[in-house]
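Here's the structure we're looking at; comments come further down.
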Protein chains: 2
Amino acid sequence: MVRELTAKGWATRERIVEGAARLLREHGVAAVTLDDIRADTRTSKSQLFHYFPDGKDQLLLAVAGYEADRVLEDQQPYLGRLDSWEAWRRWRDVVVARYEEQGDHCPLGSLLLQVGRTTPGARAIVVGLLRRWQEDLAAGIRALQSGGQLPAGLDVDAHAASLLAGIQGGVTILLATGESVHLRAALDQGIGALRGAAVPGPVAA
Amino acid sequence: MVRELTAKGWATRERIVEGAARLLREHGVAAVTLDDIRADTRTSKSQLFHYFPDGKDQLLLAVAGYEADRVLEDQQPYLGRLDSWEAWRRWRDVVVARYEEQGDHCPLGSLLLQVGRTTPGARAIVVGLLRRWQEDLAAGIRALQSGGQLPAGLDVDAHAASLLAGIQGGVTILLATGESVHLRAALDQGIGALRGAAVPGPVAA
C-alpha cells in the first residue's frame, strides 16, 4: 500500500529510494540490509516504516521502479526523439555503450530476482518498462513516416516489437557471455530493416 | 567432478537425469527433493552419490544440460537442415509453437536460477547452448549460400547473431508477458532480412 504523501513526503521517499538504489548498485542486493539503507540515507526506523509499511520488498520494488525509469532515461534524449536517421544512429550508440559499460551485472534484474520475478509487483514493472520502450520506438518510426522518410504502409508495431526483442535478447546474451556482438547485430539489423524500407529522398536517392 | 563411467553407468546416470527432469518440470525446482527424485527413479542413496558425488547442485546442473539439449532437439529436424526457405518457414513455426506451449515457465531458466546463474557450471551450459544454436543458424544460412539462394558476400554471423538475439528477447518477453508477438516479429523480421537479400531464382524472379 502506498500512503497519500505530501510533496515533501514524496521528496523524502524519493531520497530514500535513490540512496537505496546507489547502495544496492555498489554492494549488490544480497549484501545490503535495511539498516545499511537507513544509515546511508539518514532515515529513522519510523520514517522507513512510514514510507514502506510493507517492509523490504516494498522498498526493493520502489528501487526496481526507479531502475526501470533509468533504463529509459539513459537512452535520452535520443529515444524520445527518434525523428531522423542521425537520431537513430546516436540512440543505437548510446544503447550499446550503456550495456557494454554495465557488463554482466543488471541492477534491475537483480532486484526483480530478489522480490521474485513472477510476483505481480515485479511483473508490472517489467511489463510497464517494455510497453513504454516499445511505444518510444514506435513513436520514432511514426515520426520518420510523418517526415516522409518511411512509407505510410510500414508495419510500425512489428518493427518496434522486433527491435525491442533484439535489444532484450542482445542484453540477455551480454549478461551471460560478457559480449555485445549480439546486441550490436540486433540493433544494426533492426535499424537496417527500417532504412531498407526508406523512401528515397531528393538528395539520398 | 564426473567419474569415469561404463556404458551401463552412463545409461543409469541418464535414466536418473531424465526422471529428475520430468519430475522437476511437473512440480517445479523448489518443490522437489533429492528423496523425491530417488523414489521416482528407483535409485538408492549410494547410487545417487556414485553418479552425483557433489550433491544436489551437480544433479540439477546435469538436468539443466539435458534441458539445454532439449531446447535444440525440439527444433529438429528443421534447425539442423535449414537448406531451403521451406525449412526456415517450418523451423519458425516450430519455435513459435514450442515457446507458446511452454508459456510463462522455462524449465532451463528455473534450474539455472536455482544453482545460480553466475556459477561457472550454469554459465557453461548457457554459453554452450547459445553457441550451438547460433552455429546451426549460421550453417543454415551457409547452406542457402551454397545452393545459390543467398549471395556469397552476406554477413552470415551478423544475421545468425541478430536472429538468435531476437529469439532470446522474444522468449524473455513471452516469459514476462505471456504474449508471443515479439518472438513472432523477431523471427519474421530475421528471416525476412535473409529473404530480402535472396538471389532471384529462375522461377521466383
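Chain lettering (A, B, ...) mirrors the order of the C-alpha cells, residue numbering begins at 1 for each chain separately, and ligand numbering begins at 1 in order of display.
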Give me, as CSV, the closest atom pair and its distance (Å, one decimal) for every residue of chain A within a cut-off of 7 Å of chain B, counting only C-alpha atoms, rows sorted by chain and rising number.
residue,atom,partner,partner_atom,distance
A:Arg123,CA,B:Ala176,CA,6.6
A:Val127,CA,B:Thr177,CA,6.5
A:Ala158,CA,B:Ala185,CA,5.5
A:Ala161,CA,B:His182,CA,5.1
A:Ser162,CA,B:Ala186,CA,4.3
A:Ala165,CA,B:Gly169,CA,4.3
A:Gly166,CA,B:Gly166,CA,4.1
A:Ile167,CA,B:Gly169,CA,6.9
A:Gln168,CA,B:Gly169,CA,4.5
A:Gly169,CA,B:Gly169,CA,3.5
A:Gly170,CA,B:Ala165,CA,4.9
A:Ala176,CA,B:Arg123,CA,6.6
A:Thr177,CA,B:Val127,CA,6.4
A:His182,CA,B:Ala161,CA,5.1
A:Leu183,CA,B:Ala165,CA,7.0
A:Ala185,CA,B:Ser162,CA,5.0
A:Ala186,CA,B:Ser162,CA,4.3
A:Gln189,CA,B:Ser162,CA,6.8
Could you do a least-squares fit of chain B on chain A over every C-alpha atom, in sequence order, and give the output as a tab-separated table (two decimals) with C-alpha atoms, in the first residue's frame?
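File produced: part_14.tsv:
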chain	number	residue	atom	x	y	z
B	1	MET	CA	-0.07	-0.03	-0.16
B	2	VAL	CA	1.30	3.42	-0.97
B	3	ARG	CA	0.09	6.07	1.46
B	4	GLU	CA	-1.05	9.47	0.30
B	5	LEU	CA	2.00	11.66	0.57
B	6	THR	CA	2.56	15.39	0.53
B	7	ALA	CA	5.04	16.88	-1.94
B	8	LYS	CA	7.60	16.94	0.85
B	9	GLY	CA	6.76	13.34	1.68
B	10	TRP	CA	7.34	12.30	-1.93
B	11	ALA	CA	10.67	14.09	-1.92
B	12	THR	CA	11.77	12.22	1.20
B	13	ARG	CA	10.58	8.91	-0.25
B	14	GLU	CA	12.47	9.67	-3.47
B	15	ARG	CA	15.62	10.46	-1.48
B	16	ILE	CA	15.41	7.09	0.29
B	17	VAL	CA	14.81	5.22	-3.00
B	18	GLU	CA	17.72	6.98	-4.72
B	19	GLY	CA	20.05	6.31	-1.83
B	20	ALA	CA	19.00	2.68	-1.67
B	21	ALA	CA	19.51	2.32	-5.43
B	22	ARG	CA	23.05	3.69	-5.17
B	23	LEU	CA	23.87	1.38	-2.26
B	24	LEU	CA	22.38	-1.68	-3.96
B	25	ARG	CA	24.28	-0.96	-7.18
B	26	GLU	CA	27.53	-0.69	-5.24
B	27	HIS	CA	27.23	-3.72	-2.99
B	28	GLY	CA	24.58	-5.97	-4.55
B	29	VAL	CA	21.09	-6.79	-3.31
B	30	ALA	CA	22.19	-9.76	-1.22
B	31	ALA	CA	24.71	-7.77	0.84
B	32	VAL	CA	22.61	-4.73	1.80
B	33	THR	CA	20.31	-4.66	4.84
B	34	LEU	CA	17.52	-2.24	5.71
B	35	ASP	CA	19.79	-0.88	8.46
B	36	ASP	CA	22.49	-0.14	5.85
B	37	ILE	CA	19.94	1.78	3.80
B	38	ARG	CA	18.69	3.66	6.89
B	39	ALA	CA	22.20	4.64	7.90
B	40	ASP	CA	23.20	5.69	4.38
B	41	THR	CA	20.07	7.74	3.76
B	42	ARG	CA	19.85	9.09	7.36
B	43	THR	CA	16.34	7.69	7.76
B	44	SER	CA	14.78	6.65	11.06
B	45	LYS	CA	13.02	3.32	11.52
B	46	SER	CA	9.66	5.04	11.88
B	47	GLN	CA	10.29	7.09	8.71
B	48	LEU	CA	11.18	3.97	6.74
B	49	PHE	CA	8.05	2.27	8.06
B	50	HIS	CA	5.99	5.35	7.15
B	51	TYR	CA	7.07	5.21	3.51
B	52	PHE	CA	7.38	1.44	3.15
B	53	PRO	CA	4.93	-0.08	5.63
B	54	ASP	CA	5.06	-3.46	3.88
B	55	GLY	CA	8.79	-3.83	4.48
B	56	LYS	CA	11.91	-4.56	2.50
B	57	ASP	CA	10.25	-5.99	-0.62
B	58	GLN	CA	8.18	-2.84	-0.97
B	59	LEU	CA	11.34	-0.74	-0.83
B	60	LEU	CA	13.10	-3.05	-3.29
B	61	LEU	CA	10.15	-2.79	-5.69
B	62	ALA	CA	10.30	1.00	-5.44
B	63	VAL	CA	14.03	0.84	-6.27
B	64	ALA	CA	13.24	-1.51	-9.17
B	65	GLY	CA	10.76	1.03	-10.49
B	66	TYR	CA	13.45	3.71	-10.18
B	67	GLU	CA	15.93	1.49	-12.05
B	68	ALA	CA	13.36	0.80	-14.77
B	69	ASP	CA	12.95	4.56	-15.25
B	70	ARG	CA	16.73	4.86	-15.51
B	71	VAL	CA	16.86	2.28	-18.30
B	72	LEU	CA	14.83	4.66	-20.44
B	73	GLU	CA	16.41	7.87	-19.11
B	74	ASP	CA	19.86	6.56	-20.02
B	75	GLN	CA	18.70	6.42	-23.66
B	76	GLN	CA	17.67	10.07	-23.71
B	77	PRO	CA	17.50	12.50	-25.36
B	78	TYR	CA	17.60	10.18	-28.39
B	79	LEU	CA	14.96	7.58	-27.51
B	80	GLY	CA	12.35	10.31	-27.01
B	81	ARG	CA	13.08	11.99	-30.35
B	82	LEU	CA	13.91	9.36	-32.96
B	83	ASP	CA	12.82	11.65	-35.80
B	84	SER	CA	15.91	11.44	-38.02
B	85	TRP	CA	18.31	8.71	-39.10
B	86	GLU	CA	21.02	10.59	-37.25
B	87	ALA	CA	18.97	10.31	-34.00
B	88	TRP	CA	18.55	6.54	-34.57
B	89	ARG	CA	22.29	6.19	-35.10
B	90	ARG	CA	23.09	8.09	-31.90
B	91	TRP	CA	20.48	6.18	-29.94
B	92	ARG	CA	21.99	2.91	-31.15
B	93	ASP	CA	25.42	4.01	-29.95
B	94	VAL	CA	24.05	5.05	-26.55
B	95	VAL	CA	22.31	1.70	-26.04
B	96	VAL	CA	25.44	-0.26	-26.95
B	97	ALA	CA	27.63	1.92	-24.70
B	98	ARG	CA	25.19	1.70	-21.77
B	99	TYR	CA	25.05	-2.07	-21.77
B	100	GLU	CA	28.73	-2.59	-22.51
B	101	GLU	CA	29.51	-0.38	-19.52
B	102	GLN	CA	27.02	-2.26	-17.37
B	103	GLY	CA	28.67	-5.54	-18.37
B	104	ASP	CA	27.48	-8.74	-16.78
B	105	HIS	CA	25.55	-7.11	-13.95
B	106	CYS	CA	21.96	-5.88	-14.30
B	107	PRO	CA	20.73	-3.85	-11.28
B	108	LEU	CA	17.08	-4.10	-12.33
B	109	GLY	CA	17.31	-7.85	-12.97
B	110	SER	CA	18.91	-8.48	-9.58
B	111	LEU	CA	16.17	-6.56	-7.79
B	112	LEU	CA	13.37	-8.35	-9.62
B	113	LEU	CA	15.04	-11.68	-8.89
B	114	GLN	CA	15.21	-10.78	-5.21
B	115	VAL	CA	11.52	-9.90	-4.86
B	116	GLY	CA	10.52	-12.75	-7.20
B	117	ARG	CA	10.15	-12.26	-10.92
B	118	THR	CA	6.67	-13.72	-11.00
B	119	THR	CA	5.22	-11.56	-8.23
B	120	PRO	CA	2.60	-9.08	-9.48
B	121	GLY	CA	4.73	-6.08	-8.47
B	122	ALA	CA	7.79	-7.30	-10.38
B	123	ARG	CA	5.73	-8.24	-13.42
B	124	ALA	CA	4.07	-4.83	-13.48
B	125	ILE	CA	7.47	-3.10	-13.56
B	126	VAL	CA	8.78	-5.30	-16.40
B	127	VAL	CA	5.60	-5.07	-18.46
B	128	GLY	CA	5.44	-1.30	-17.94
B	129	LEU	CA	9.07	-0.85	-18.97
B	130	LEU	CA	8.65	-2.97	-22.10
B	131	ARG	CA	5.47	-1.09	-23.04
B	132	ARG	CA	7.02	2.36	-22.64
B	133	TRP	CA	10.19	1.31	-24.47
B	134	GLN	CA	8.22	-0.07	-27.40
B	135	GLU	CA	5.98	3.00	-27.52
B	136	ASP	CA	9.04	5.22	-27.80
B	137	LEU	CA	10.44	3.10	-30.64
B	138	ALA	CA	7.07	3.10	-32.41
B	139	ALA	CA	6.79	6.90	-31.96
B	140	GLY	CA	10.21	7.25	-33.59
B	141	ILE	CA	9.18	5.14	-36.56
B	142	ARG	CA	5.97	7.16	-36.90
B	143	ALA	CA	7.98	10.38	-36.78
B	144	LEU	CA	10.00	9.15	-39.78
B	145	GLN	CA	6.73	8.32	-41.52
B	146	SER	CA	5.36	11.80	-40.81
B	147	GLY	CA	8.55	13.28	-42.20
B	148	GLY	CA	8.10	11.29	-45.38
B	149	GLN	CA	11.24	9.22	-44.75
B	150	LEU	CA	9.37	5.95	-44.27
B	151	PRO	CA	6.32	4.75	-46.22
B	152	ALA	CA	2.95	5.20	-44.49
B	153	GLY	CA	2.11	1.52	-44.97
B	154	LEU	CA	5.05	0.23	-42.91
B	155	ASP	CA	4.07	-2.12	-40.06
B	156	VAL	CA	5.23	0.12	-37.21
B	157	ASP	CA	4.37	-2.24	-34.35
B	158	ALA	CA	6.11	-5.22	-35.94
B	159	HIS	CA	9.31	-3.21	-36.46
B	160	ALA	CA	9.19	-1.82	-32.91
B	161	ALA	CA	8.44	-5.26	-31.41
B	162	SER	CA	11.26	-6.91	-33.34
B	163	LEU	CA	13.74	-4.20	-32.34
B	164	LEU	CA	12.74	-4.48	-28.69
B	165	ALA	CA	13.08	-8.28	-28.79
B	166	GLY	CA	16.53	-7.95	-30.34
B	167	ILE	CA	17.64	-5.52	-27.63
B	168	GLN	CA	16.28	-7.71	-24.82
B	169	GLY	CA	17.93	-10.79	-26.27
B	170	GLY	CA	21.16	-8.97	-27.01
B	171	VAL	CA	21.33	-7.75	-23.41
B	172	THR	CA	20.44	-11.22	-22.07
B	173	ILE	CA	23.28	-12.74	-24.10
B	174	LEU	CA	25.63	-9.94	-23.01
B	175	LEU	CA	24.79	-10.70	-19.37
B	176	ALA	CA	25.55	-14.40	-19.96
B	177	THR	CA	28.64	-14.12	-22.14
B	178	GLY	CA	30.04	-10.64	-21.49
B	179	GLU	CA	29.99	-9.94	-25.24
B	180	SER	CA	27.92	-7.33	-27.04
B	181	VAL	CA	28.14	-8.75	-30.56
B	182	HIS	CA	24.52	-9.95	-30.49
B	183	LEU	CA	23.19	-6.65	-29.16
B	184	ARG	CA	25.07	-4.80	-31.90
B	185	ALA	CA	23.87	-7.19	-34.60
B	186	ALA	CA	20.24	-6.93	-33.45
B	187	LEU	CA	20.29	-3.12	-33.33
B	188	ASP	CA	22.05	-2.82	-36.68
B	189	GLN	CA	19.71	-5.27	-38.35
B	190	GLY	CA	16.59	-3.71	-36.81
B	191	ILE	CA	17.59	-0.19	-37.88
B	192	GLY	CA	18.81	-1.61	-41.20
B	193	ALA	CA	15.35	-3.07	-41.79
B	194	LEU	CA	13.89	0.42	-41.35
B	195	ARG	CA	16.48	2.02	-43.65
B	196	GLY	CA	15.82	-0.70	-46.19
B	197	ALA	CA	12.19	0.40	-46.26
B	198	ALA	CA	13.10	4.10	-46.54
B	199	VAL	CA	11.55	6.37	-49.14
B	200	PRO	CA	14.40	7.65	-51.36
B	201	GLY	CA	14.94	11.33	-50.58
B	202	PRO	CA	15.72	14.08	-53.11
B	203	VAL	CA	19.38	14.07	-52.04
B	204	ALA	CA	19.99	10.56	-50.85
B	205	ALA	CA	18.36	8.87	-53.86
- What are the DSSP helix (DSSP H, G or I) residues of segment 11-160 of chain B, as a PyMOL selection string? chain B and resi 11-27+29-31+34-41+45-51+56-73+79-81+85-102+107-115+120-146+156-160
